[in-house]
>>> print(open('input-v1.tsv').read())   # TSV, C-alpha atoms
chain	number	residue	atom	x	y	z
F	1	MET	CA	90.90	1.36	39.12
F	2	SER	CA	91.73	2.74	35.69
F	3	PRO	CA	89.94	1.16	32.75
F	4	ASP	CA	91.42	-2.06	31.48
F	5	PRO	CA	93.30	-1.50	28.20
F	6	ASP	CA	91.93	-4.87	27.20
F	7	SER	CA	88.29	-3.92	27.68
F	8	ASP	CA	87.64	-4.42	23.94
F	9	LEU	CA	88.83	-7.97	24.37
F	10	LEU	CA	86.41	-8.44	27.22
F	11	ASP	CA	83.60	-7.06	25.07
F	12	LEU	CA	84.33	-9.81	22.56
F	13	VAL	CA	84.12	-12.35	25.36
F	14	ALA	CA	80.79	-10.90	26.44
F	15	LYS	CA	79.54	-11.35	22.87
F	16	GLY	CA	80.71	-14.95	22.93
F	17	ASP	CA	83.40	-14.43	20.28
F	18	MET	CA	86.00	-16.43	22.17
F	19	THR	CA	88.24	-17.15	19.20
F	20	THR	CA	88.71	-13.50	18.27
F	21	ALA	CA	89.23	-12.66	21.94
F	22	LEU	CA	91.90	-15.33	22.20
F	23	ARG	CA	93.63	-14.08	19.05
F	24	LEU	CA	93.71	-10.58	20.50
F	25	LEU	CA	94.97	-11.85	23.83
F	26	MET	CA	97.79	-13.76	22.16
F	27	LYS	CA	98.70	-10.81	19.95
F	28	ARG	CA	98.92	-8.39	22.85
F	29	HIS	CA	100.44	-10.52	25.58
F	30	GLY	CA	101.95	-13.52	23.82
F	31	ALA	CA	105.48	-12.15	23.50
F	32	ALA	CA	105.65	-10.76	27.06
F	33	VAL	CA	104.35	-13.96	28.60
F	34	TYR	CA	106.82	-15.93	26.51
F	35	ARG	CA	109.76	-13.83	27.72
F	36	TYR	CA	108.60	-14.32	31.28
F	37	CYS	CA	108.30	-18.09	30.88
F	38	ARG	CA	111.54	-18.41	29.00
F	39	GLU	CA	113.66	-16.44	31.47
F	40	ASN	CA	111.99	-17.99	34.45
F	41	LEU	CA	112.35	-21.58	33.32
F	42	ARG	CA	115.51	-21.24	31.22
F	43	ASP	CA	114.48	-24.21	29.17
F	44	VAL	CA	113.29	-23.54	25.63
F	45	ASN	CA	111.09	-26.61	25.23
F	46	LEU	CA	109.55	-26.33	28.65
F	47	ALA	CA	108.95	-22.59	28.17
F	48	ASP	CA	107.25	-23.26	24.81
F	49	ASP	CA	104.91	-25.79	26.41
F	50	VAL	CA	104.09	-23.67	29.43
F	51	HIS	CA	103.56	-20.59	27.27
F	52	GLN	CA	100.97	-22.37	25.13
F	53	GLN	CA	99.39	-23.92	28.17
F	54	VAL	CA	98.90	-20.47	29.67
F	55	PHE	CA	96.84	-19.32	26.70
F	56	ILE	CA	94.88	-22.55	26.49
F	57	GLU	CA	93.98	-22.11	30.14
F	58	ALA	CA	93.17	-18.46	29.57
F	59	HIS	CA	90.81	-19.39	26.76
F	60	ARG	CA	89.10	-21.88	29.06
F	61	ASP	CA	88.65	-19.32	31.84
F	62	LEU	CA	88.07	-16.12	29.87
F	63	ALA	CA	84.30	-16.52	30.02
F	64	THR	CA	84.43	-16.49	33.82
F	65	PHE	CA	86.91	-13.61	34.15
F	66	LYS	CA	85.47	-11.34	36.84
F	67	ARG	CA	87.30	-8.07	35.93
F	68	ARG	CA	88.71	-7.77	39.43
F	69	SER	CA	92.09	-7.12	37.85
F	70	THR	CA	93.35	-6.17	34.44
F	71	VAL	CA	93.56	-8.86	31.80
F	72	ARG	CA	97.34	-8.42	31.83
F	73	SER	CA	97.58	-9.12	35.56
F	74	TRP	CA	95.22	-12.06	35.15
F	75	ILE	CA	97.19	-13.67	32.33
F	76	PHE	CA	100.44	-13.21	34.24
F	77	GLY	CA	98.79	-14.75	37.27
F	78	ILE	CA	98.11	-17.84	35.17
F	79	ALA	CA	101.64	-17.74	33.78
F	80	ARG	CA	103.17	-17.46	37.24
F	81	HIS	CA	101.25	-20.50	38.45
F	82	ARG	CA	102.10	-22.61	35.44
F	83	VAL	CA	105.76	-21.63	35.62
F	84	LEU	CA	105.95	-22.47	39.32
F	85	ASP	CA	104.28	-25.82	38.66
F	86	ALA	CA	106.67	-26.59	35.82
F	87	ALA	CA	109.70	-25.57	37.89
F	88	LYS	CA	108.51	-27.76	40.75
F	89	SER	CA	108.03	-30.77	38.46
F	90	ARG	CA	111.42	-30.25	36.93
F	91	ARG	CA	113.05	-29.97	40.36
F	92	ARG	CA	111.48	-33.25	41.42
F	93	ALA	CA	112.69	-34.91	38.24
F	94	LYS	CA	116.22	-33.64	38.73
F	95	THR	CA	116.73	-34.44	42.39
F	96	HIS	CA	118.95	-37.35	41.51
F	97	ILE	CA	121.27	-35.29	39.36
F	98	ALA	CA	124.38	-34.01	41.06
F	99	SER	CA	124.54	-30.29	41.67
F	100	GLY	CA	127.84	-29.78	39.81
F	101	ASP	CA	126.38	-29.58	36.34
F	102	ALA	CA	127.42	-27.71	33.26
F	103	THR	CA	125.94	-24.40	34.35
F	104	ALA	CA	128.48	-24.18	37.13
F	105	VAL	CA	131.34	-23.77	34.72
F	106	ALA	CA	133.10	-20.52	35.56
F	107	ASP	CA	132.98	-17.67	33.12
F	108	PRO	CA	136.22	-16.33	31.78
F	109	ARG	CA	136.89	-13.68	34.35
F	110	PRO	CA	137.95	-10.10	33.67
F	111	LEU	CA	140.52	-8.43	35.78
F	112	PRO	CA	139.19	-7.23	39.15
F	113	SER	CA	139.52	-3.61	38.07
F	114	GLU	CA	137.60	-4.24	34.84
F	115	LEU	CA	133.89	-3.56	34.58
F	116	ILE	CA	131.90	-6.45	33.24
F	117	ASP	CA	130.04	-5.71	30.05
F	118	ASP	CA	126.27	-6.01	29.57
F	119	ALA	CA	126.42	-9.35	27.79
F	120	ARG	CA	128.43	-10.94	30.56
F	121	LEU	CA	126.20	-9.28	33.12
F	122	ARG	CA	123.10	-10.85	31.56
F	123	GLN	CA	124.75	-14.24	31.36
F	124	ALA	CA	125.73	-14.13	35.02
F	125	LEU	CA	122.38	-12.64	35.97
F	126	ARG	CA	120.56	-15.60	34.44
F	127	ARG	CA	122.62	-18.07	36.40
F	128	CYS	CA	122.18	-16.12	39.59
F	129	LEU	CA	118.43	-15.92	39.03
F	130	ASP	CA	118.43	-19.69	38.70
F	131	ALA	CA	119.91	-19.91	42.17
F	132	LEU	CA	117.03	-17.96	43.70
F	133	ARG	CA	113.86	-19.53	44.97
F	134	ALA	CA	111.19	-19.68	42.28
F	135	PRO	CA	108.79	-17.17	43.91
F	136	VAL	CA	111.59	-14.64	44.34
F	137	ARG	CA	112.69	-15.09	40.75
F	138	ALA	CA	109.08	-14.63	39.64
F	139	ALA	CA	108.79	-11.42	41.68
F	140	LEU	CA	111.98	-9.95	40.17
F	141	LEU	CA	110.90	-10.73	36.61
F	142	LEU	CA	107.41	-9.38	37.13
F	143	ARG	CA	108.78	-6.20	38.67
F	144	PHE	CA	111.60	-5.41	36.26
F	145	GLN	CA	111.17	-7.46	33.09
F	146	GLN	CA	107.41	-6.94	32.91
F	147	GLY	CA	107.27	-3.57	34.66
F	148	PHE	CA	104.44	-4.40	37.04
F	149	THR	CA	103.83	-2.14	40.00
F	150	PHE	CA	103.89	-3.81	43.39
F	151	GLU	CA	100.13	-3.34	43.55
F	152	ASP	CA	99.65	-5.19	40.26
F	153	MET	CA	102.12	-7.81	41.40
F	154	ALA	CA	100.01	-8.31	44.50
F	155	THR	CA	97.12	-9.30	42.23
F	156	VAL	CA	99.30	-11.59	40.15
F	157	CYS	CA	101.05	-13.26	43.09
F	158	GLN	CA	98.20	-13.00	45.61
F	159	LYS	CA	100.54	-11.52	48.17
F	160	LYS	CA	100.70	-8.13	49.87
F	161	PRO	CA	102.50	-5.38	47.94
F	162	GLY	CA	104.78	-4.71	50.94
F	163	THR	CA	105.81	-8.34	51.13
F	164	LEU	CA	106.71	-8.38	47.46
F	165	GLN	CA	108.57	-5.09	47.73
F	166	ALA	CA	110.65	-6.44	50.61
F	167	GLN	CA	111.29	-9.65	48.68
F	168	VAL	CA	112.58	-7.71	45.67
F	169	LYS	CA	114.63	-5.34	47.82
F	170	ARG	CA	116.35	-8.25	49.56
F	171	ALA	CA	116.96	-10.13	46.33
F	172	LEU	CA	118.81	-7.37	44.47
F	173	PRO	CA	121.92	-7.30	46.74
F	174	VAL	CA	121.94	-11.11	46.67
F	175	LEU	CA	122.04	-10.97	42.90
F	176	LYS	CA	124.80	-8.38	43.00
F	177	THR	CA	126.98	-10.53	45.24
F	178	CYS	CA	126.30	-13.59	43.12
F	179	ILE	CA	127.11	-11.82	39.85
F	180	GLU	CA	130.31	-10.35	41.18
F	181	ALA	CA	131.34	-13.71	42.57
F	182	ARG	CA	130.65	-15.41	39.25
F	183	THR	CA	132.34	-12.86	37.06
F	184	GLY	CA	135.04	-11.72	39.36
F	185	GLY	CA	134.50	-8.23	38.00
F	186	ALA	CA	132.98	-5.07	39.38
F	187	LEU	CA	129.48	-4.04	38.57
X	1	MET	CA	137.77	20.13	31.71
X	2	THR	CA	135.77	17.10	30.84
X	3	GLU	CA	132.93	15.93	33.00
X	4	PRO	CA	133.62	12.65	34.82
X	5	ILE	CA	131.70	9.73	33.39
X	6	THR	CA	129.04	8.79	35.91
X	7	ARG	CA	128.56	5.09	36.22
X	8	PRO	CA	125.19	3.69	37.15
X	9	SER	CA	125.12	2.00	40.49
X	10	PRO	CA	125.47	-1.80	40.49
X	11	LEU	CA	121.86	-2.32	41.55
X	12	VAL	CA	120.61	-0.04	38.77
X	13	ARG	CA	122.68	-2.04	36.29
X	14	ILE	CA	121.07	-5.23	37.55
X	15	GLU	CA	117.61	-3.70	37.32
X	16	THR	CA	118.29	-2.55	33.77
X	17	ALA	CA	119.63	-5.94	32.84
X	18	LEU	CA	116.51	-7.53	34.30
X	19	GLU	CA	114.33	-5.19	32.26
X	20	HIS	CA	115.93	-6.36	29.03
X	21	LEU	CA	116.29	-9.97	29.98
X	22	GLY	CA	114.85	-12.09	27.21
X	23	ASP	CA	114.35	-9.20	24.78
X	24	GLU	CA	115.91	-11.32	22.09
X	25	HIS	CA	113.45	-14.16	22.57
X	26	GLU	CA	110.33	-14.46	20.46
X	27	PRO	CA	107.64	-17.10	20.80
X	28	PRO	CA	108.19	-20.01	18.42
X	29	PRO	CA	106.62	-19.66	14.97
X	30	GLY	CA	103.12	-21.08	14.69
X	31	TRP	CA	102.45	-21.05	18.42
X	32	GLU	CA	99.21	-19.11	18.00
X	33	ASP	CA	97.91	-21.67	15.51
X	34	ARG	CA	98.73	-24.46	17.92
X	35	VAL	CA	96.85	-22.74	20.73
X	36	LEU	CA	93.87	-22.12	18.45
X	37	ALA	CA	93.92	-25.74	17.35
X	38	ALA	CA	94.04	-26.90	20.97
X	39	THR	CA	91.11	-24.70	21.92
X	40	ALA	CA	88.96	-25.38	18.86
X	41	PRO	CA	85.72	-27.14	19.72
X	42	ARG	CA	85.96	-30.76	18.71
X	43	PRO	CA	83.26	-33.33	18.31
X	44	GLN	CA	82.72	-35.00	21.63
X	45	ARG	CA	82.61	-38.75	21.24
X	46	TRP	CA	80.81	-39.25	24.52
X	47	ARG	CA	77.88	-37.37	23.05
X	48	ALA	CA	77.57	-39.92	20.26
X	49	TRP	CA	77.82	-42.78	22.74
X	50	PHE	CA	75.25	-41.12	24.93
X	51	ALA	CA	72.97	-39.99	22.12
X	52	ALA	CA	72.43	-43.41	20.54
X	53	PRO	CA	70.82	-45.14	23.53
X	54	VAL	CA	68.91	-42.00	24.49
X	55	THR	CA	67.50	-41.72	20.98
X	56	ALA	CA	66.54	-45.38	20.99
X	57	LEU	CA	64.93	-45.03	24.39
X	58	ALA	CA	63.04	-41.94	23.25
X	59	ALA	CA	61.82	-43.79	20.16
X	60	VAL	CA	60.58	-46.72	22.26
X	61	LEU	CA	58.93	-44.37	24.71
X	62	GLY	CA	57.33	-42.40	21.88
X	63	LEU	CA	56.03	-45.60	20.28
X	64	TRP	CA	54.64	-46.77	23.60
X	65	LEU	CA	52.96	-43.43	24.23
X	66	TRP	CA	51.55	-43.40	20.72
X	67	SER	CA	50.13	-46.89	21.05
X	68	ALA	CA	48.85	-46.19	24.57
X	69	THR	CA	47.05	-43.04	23.58
X	70	ARG	CA	45.92	-44.22	20.15
X	71	VAL	CA	42.16	-44.71	20.06
X	72	VAL	CA	41.19	-47.85	18.19
X	73	ALA	CA	37.97	-47.42	16.27
X	74	LEU	CA	34.90	-48.58	18.11
X	75	ALA	CA	33.55	-51.90	16.80
X	76	LEU	CA	30.31	-53.64	17.54
X	77	GLU	CA	29.98	-57.37	16.97
X	78	VAL	CA	26.64	-59.12	17.28
X	79	THR	CA	26.11	-62.85	17.04
X	80	THR	CA	23.23	-65.13	17.81
X	81	ALA	CA	23.29	-68.52	19.44
X	82	PRO	CA	20.61	-71.12	19.88
X	83	GLY	CA	18.85	-71.06	23.20
X	84	GLY	CA	17.33	-73.91	25.18
X	85	VAL	CA	14.41	-74.11	22.76
X	86	VAL	CA	14.99	-76.22	19.69
X	87	VAL	CA	14.64	-73.92	16.74
X	88	ARG	CA	13.65	-75.46	13.51
X	89	GLY	CA	13.93	-73.98	10.08
X	90	ALA	CA	16.42	-71.93	8.20
X	91	PRO	CA	19.27	-70.37	10.01
X	92	SER	CA	18.39	-66.99	11.35
X	93	HIS	CA	21.50	-65.34	9.90
X	94	ASP	CA	20.76	-63.47	6.77
X	95	GLY	CA	23.69	-61.09	6.43
X	96	ARG	CA	27.38	-61.51	5.77
X	97	ASP	CA	28.39	-59.06	8.49
X	98	GLY	CA	26.16	-60.47	11.18
X	99	PRO	CA	22.65	-61.54	11.92
X	100	ARG	CA	19.78	-59.27	11.00
X	101	SER	CA	17.16	-61.54	12.45
X	102	ALA	CA	16.80	-63.97	15.31
X	103	LYS	CA	14.11	-66.10	16.86
X	104	VAL	CA	12.60	-65.98	20.28
X	105	GLY	CA	14.67	-68.02	22.66
X	106	GLU	CA	17.95	-67.36	20.88
X	107	HIS	CA	20.74	-65.53	22.58
X	108	LEU	CA	22.00	-62.20	21.34
X	109	ARG	CA	25.67	-61.96	22.09
X	110	VAL	CA	27.21	-58.53	21.88
X	111	HIS	CA	30.87	-57.73	22.04
X	112	VAL	CA	32.20	-54.19	21.80
X	113	SER	CA	35.88	-53.55	21.20
X	114	GLY	CA	38.09	-50.52	20.58
X	115	GLY	CA	37.22	-47.07	21.78
X	116	ARG	CA	38.81	-45.68	24.92
X	117	GLY	CA	38.30	-48.86	26.92
X	118	ARG	CA	34.98	-48.43	28.80
X	119	PRO	CA	32.27	-49.10	26.22
X	120	ILE	CA	28.58	-48.81	26.97
X	121	VAL	CA	25.87	-50.95	25.43
X	122	TRP	CA	22.20	-50.09	25.21
X	123	LEU	CA	19.56	-52.50	23.99
X	124	TYR	CA	16.19	-51.23	22.78
X	125	ARG	CA	13.12	-53.13	21.71
X	126	ASP	CA	10.69	-51.23	19.50
X	127	GLY	CA	12.39	-47.99	20.53
X	128	SER	CA	12.30	-48.57	24.29
X	129	LEU	CA	15.26	-49.34	26.51
X	130	VAL	CA	15.27	-52.91	27.82
X	131	MET	CA	18.90	-53.38	28.84
X	132	ARG	CA	22.02	-51.33	29.53
X	133	CYS	CA	25.58	-52.42	30.21
X	134	PRO	CA	27.30	-51.87	32.47
X	135	GLY	CA	24.63	-51.60	35.13
X	136	GLU	CA	22.60	-54.81	34.82
X	137	PRO	CA	23.31	-58.19	36.45
X	138	THR	CA	23.10	-59.96	33.10
X	139	CYS	CA	25.91	-57.89	31.63
X	140	GLY	CA	29.02	-59.82	30.75
X	141	HIS	CA	32.17	-59.82	32.88
X	142	ALA	CA	33.93	-57.54	30.52
X	143	ASP	CA	32.77	-54.05	29.72
X	144	GLY	CA	30.96	-54.10	26.43
X	145	ASP	CA	29.90	-57.73	26.62
X	146	LEU	CA	26.25	-58.62	26.74
X	147	ASP	CA	24.39	-61.91	26.48
X	148	TRP	CA	20.67	-61.51	26.18
X	149	GLN	CA	18.12	-64.27	25.58
X	150	VAL	CA	15.38	-62.70	23.56
X	151	ASP	CA	11.94	-63.59	24.83
X	152	LEU	CA	9.76	-61.24	22.83
X	153	ILE	CA	9.40	-60.55	19.18
X	154	GLY	CA	10.11	-57.09	17.99
X	155	GLU	CA	12.61	-54.75	16.34
X	156	TYR	CA	15.74	-54.59	18.46
X	157	GLU	CA	18.38	-51.86	18.38
X	158	ILE	CA	21.80	-52.54	19.90
X	159	VAL	CA	23.84	-49.40	20.46
X	160	ALA	CA	27.48	-49.29	21.45
X	161	LEU	CA	28.89	-46.00	22.73
X	162	ASP	CA	32.26	-44.66	23.58
X	163	GLY	CA	33.24	-41.24	24.80
X	164	GLY	CA	35.08	-39.37	27.48
X	165	GLY	CA	32.60	-36.76	28.60
X	166	PRO	CA	29.58	-36.94	30.84
X	167	LEU	CA	26.66	-38.79	29.36
X	168	PRO	CA	23.21	-37.27	29.79
X	169	GLY	CA	20.63	-39.30	31.67
X	170	LEU	CA	18.74	-41.90	29.65
X	171	SER	CA	15.19	-41.14	28.68
X	172	GLY	CA	14.57	-44.76	27.68
X	173	ASN	CA	13.63	-43.74	24.15
X	174	TYR	CA	15.99	-44.84	21.39
X	175	ASP	CA	15.79	-41.67	19.30
X	176	SER	CA	16.23	-39.22	22.15
X	177	ASP	CA	18.97	-41.24	23.85
X	178	VAL	CA	20.98	-41.60	20.66
X	179	THR	CA	20.53	-37.90	19.83
X	180	ALA	CA	21.65	-36.92	23.34
X	181	ALA	CA	24.69	-39.19	23.09
X	182	ARG	CA	25.66	-37.73	19.72
X	183	GLU	CA	25.32	-34.21	21.10
X	184	ALA	CA	27.60	-35.25	23.97
X	185	ARG	CA	30.12	-36.19	21.25
X	186	TYR	CA	29.92	-39.91	21.94
X	187	GLU	CA	30.95	-42.26	19.22
X	188	LEU	CA	28.15	-44.66	18.35
X	189	ARG	CA	27.75	-47.96	16.54
X	190	ASP	CA	24.34	-49.55	16.26
X	191	TRP	CA	22.87	-52.74	14.97
X	192	LYS	CA	19.28	-53.57	14.10
X	193	ILE	CA	17.95	-57.06	14.42
X	194	THR	CA	14.46	-58.39	14.04
X	195	VAL	CA	13.23	-61.07	16.40
X	196	ARG	CA	10.38	-63.16	15.18
>>> encode(input="input-v1.tsv", output="structure tokens")
Amino acid sequence: MSPDPDSDLLDLVAKGDMTTALRLLMKRHGAAVYRYCRENLRDVNLADDVHQQVFIEAHRDLATFKRRSTVRSWIFGIARHRVLDAAKSRRRAKTHIASGDATAVADPRPLPSELIDDARLRQALRRCLDALRAPVRAALLLRFQQGFTFEDMATVCQKKPGTLQAQVKRALPVLKTCIEARTGGAL
Amino acid sequence: MTEPITRPSPLVRIETALEHLGDEHEPPPGWEDRVLAATAPRPQRWRAWFAAPVTALAAVLGLWLWSATRVVALALEVTTAPGGVVVRGAPSHDGRDGPRSAKVGEHLRVHVSGGRGRPIVWLYRDGSLVMRCPGEPTCGHADGDLDWQVDLIGEYEIVALDGGGPLPGLSGNYDSDVTAAREARYELRDWKITVR
């Protein structure tokens, strides 16, 4: 395993300087973890809470970090768990709400021959990601948004790399079909 | 002839879109301060609740230990009491702290207090041992108590001793016994009384 780019952070932990270590952790990974939480949960307030909770939990557990993975994988492992928990709680709270909510409003569609632009693609992509199961959505974001290898993802998700690769491979055509159906345009 | 514009495949477009998803989002201002505030060590109230009774208990325990281990100074108290014989004349007491003389037939009552709790009393007449407590049937019920009816005139020495170490065997001679006891680091109190 290559050396952890965050080994200096771990040295601070070893010296007991937890506050400086936490500052460094937030500086290096705060924005990426936030993007992951925000796009996964698609709820600003919930993402803010979960994002902070991730770093509070990281601070609590930093002293017992065993260096079996990189700090980045470890922090995303925490983030993935907290996001899944939050999504599950939200799903339970929303079971009584009818499925035909505001997000189902159709986008203004281009002509079938017209290519959809990037902005519309992202908008449709977000809605199609919402339709996926939470673990699949997490896998796609970790792979593409965060650039994790399948091996690193295996550490984060505690699944086999092959399983995650197959999950991602199956999800991409599903997204394509969903986006095209939503936009009515060609990708 | 112009080159045809190559379009990325739909899946590549999705992957690229995924890569940039959320690029425009930044964590809310002040989030780091909020995390630091949430993780800052705070005074734990349970410690105060726990510390007060523990401190009180420790103080009581310390006081008890101090009083239990504190050695009260050895004290020797000698009094005289009339015996069966009617004694005529002036009272035998001639000192404010206790009697310095007694008459034949009177009782010498000795009480030793303080020390480490097991006092020893030796009684000498004219320098020779006549009585030791504990060890004699006439010794009082409590250690350090002695009631002795004097039947002979002479110079009496009452010695109270207290100490933790082994005491050398008695020679029966006042001077050598007292010297040996002092060398054995015994604490001594003595009282002289003349019996006429």
>>> atom_distance(input="input-v1.tsv", atom1="CA of Asp48 (chain F)", atom2="CA of Arg35 (chain F)")
10.2 Å
>>> interface_residues(input="input-v1.tsv", of="chain X", to="chain F", cutoff="6 Å", atoms="all atoms listed in the file", output="ChimeraX atom specification")
/X:10,18-19,22,27
>>> write_last_selection(input="input-v1.tsv", atoms="C-alpha atoms", output="CSV table (one decimal), in the coordinates of the input")
chain,number,residue,atom,x,y,z
X,10,PRO,CA,125.5,-1.8,40.5
X,18,LEU,CA,116.5,-7.5,34.3
X,19,GLU,CA,114.3,-5.2,32.3
X,22,GLY,CA,114.8,-12.1,27.2
X,27,PRO,CA,107.6,-17.1,20.8
>>> residues_around(input="input-v1.tsv", residues="Arg132 (chain X)", least_positions_apart="4", cutoff="9 Å", atoms="all atoms listed in the file", output="list of chain:residue names")
X:Ile120, X:Val121, X:Trp122, X:Leu123, X:Tyr124, X:Glu136, X:Cys139, X:Leu146
>>> axis_aligned_box(input="input-v1.tsv", around="region 84-87 of chain F", padding_each_side="5 Å", output="JSON")
{"center_x": 107.0, "center_y": -24.5, "center_z": 37.6, "size_x": 15.4, "size_y": 14.1, "size_z": 13.5}
>>> atom_distance(input="input-v1.tsv", atom1="CA of Pro82 (chain X)", atom2="CA of Leu108 (chain X)")
9.1 Å
>>> atom_distance(input="input-v1.tsv", atom1="CA of Ala180 (chain X)", atom2="CA of Leu167 (chain X)")
8.1 Å
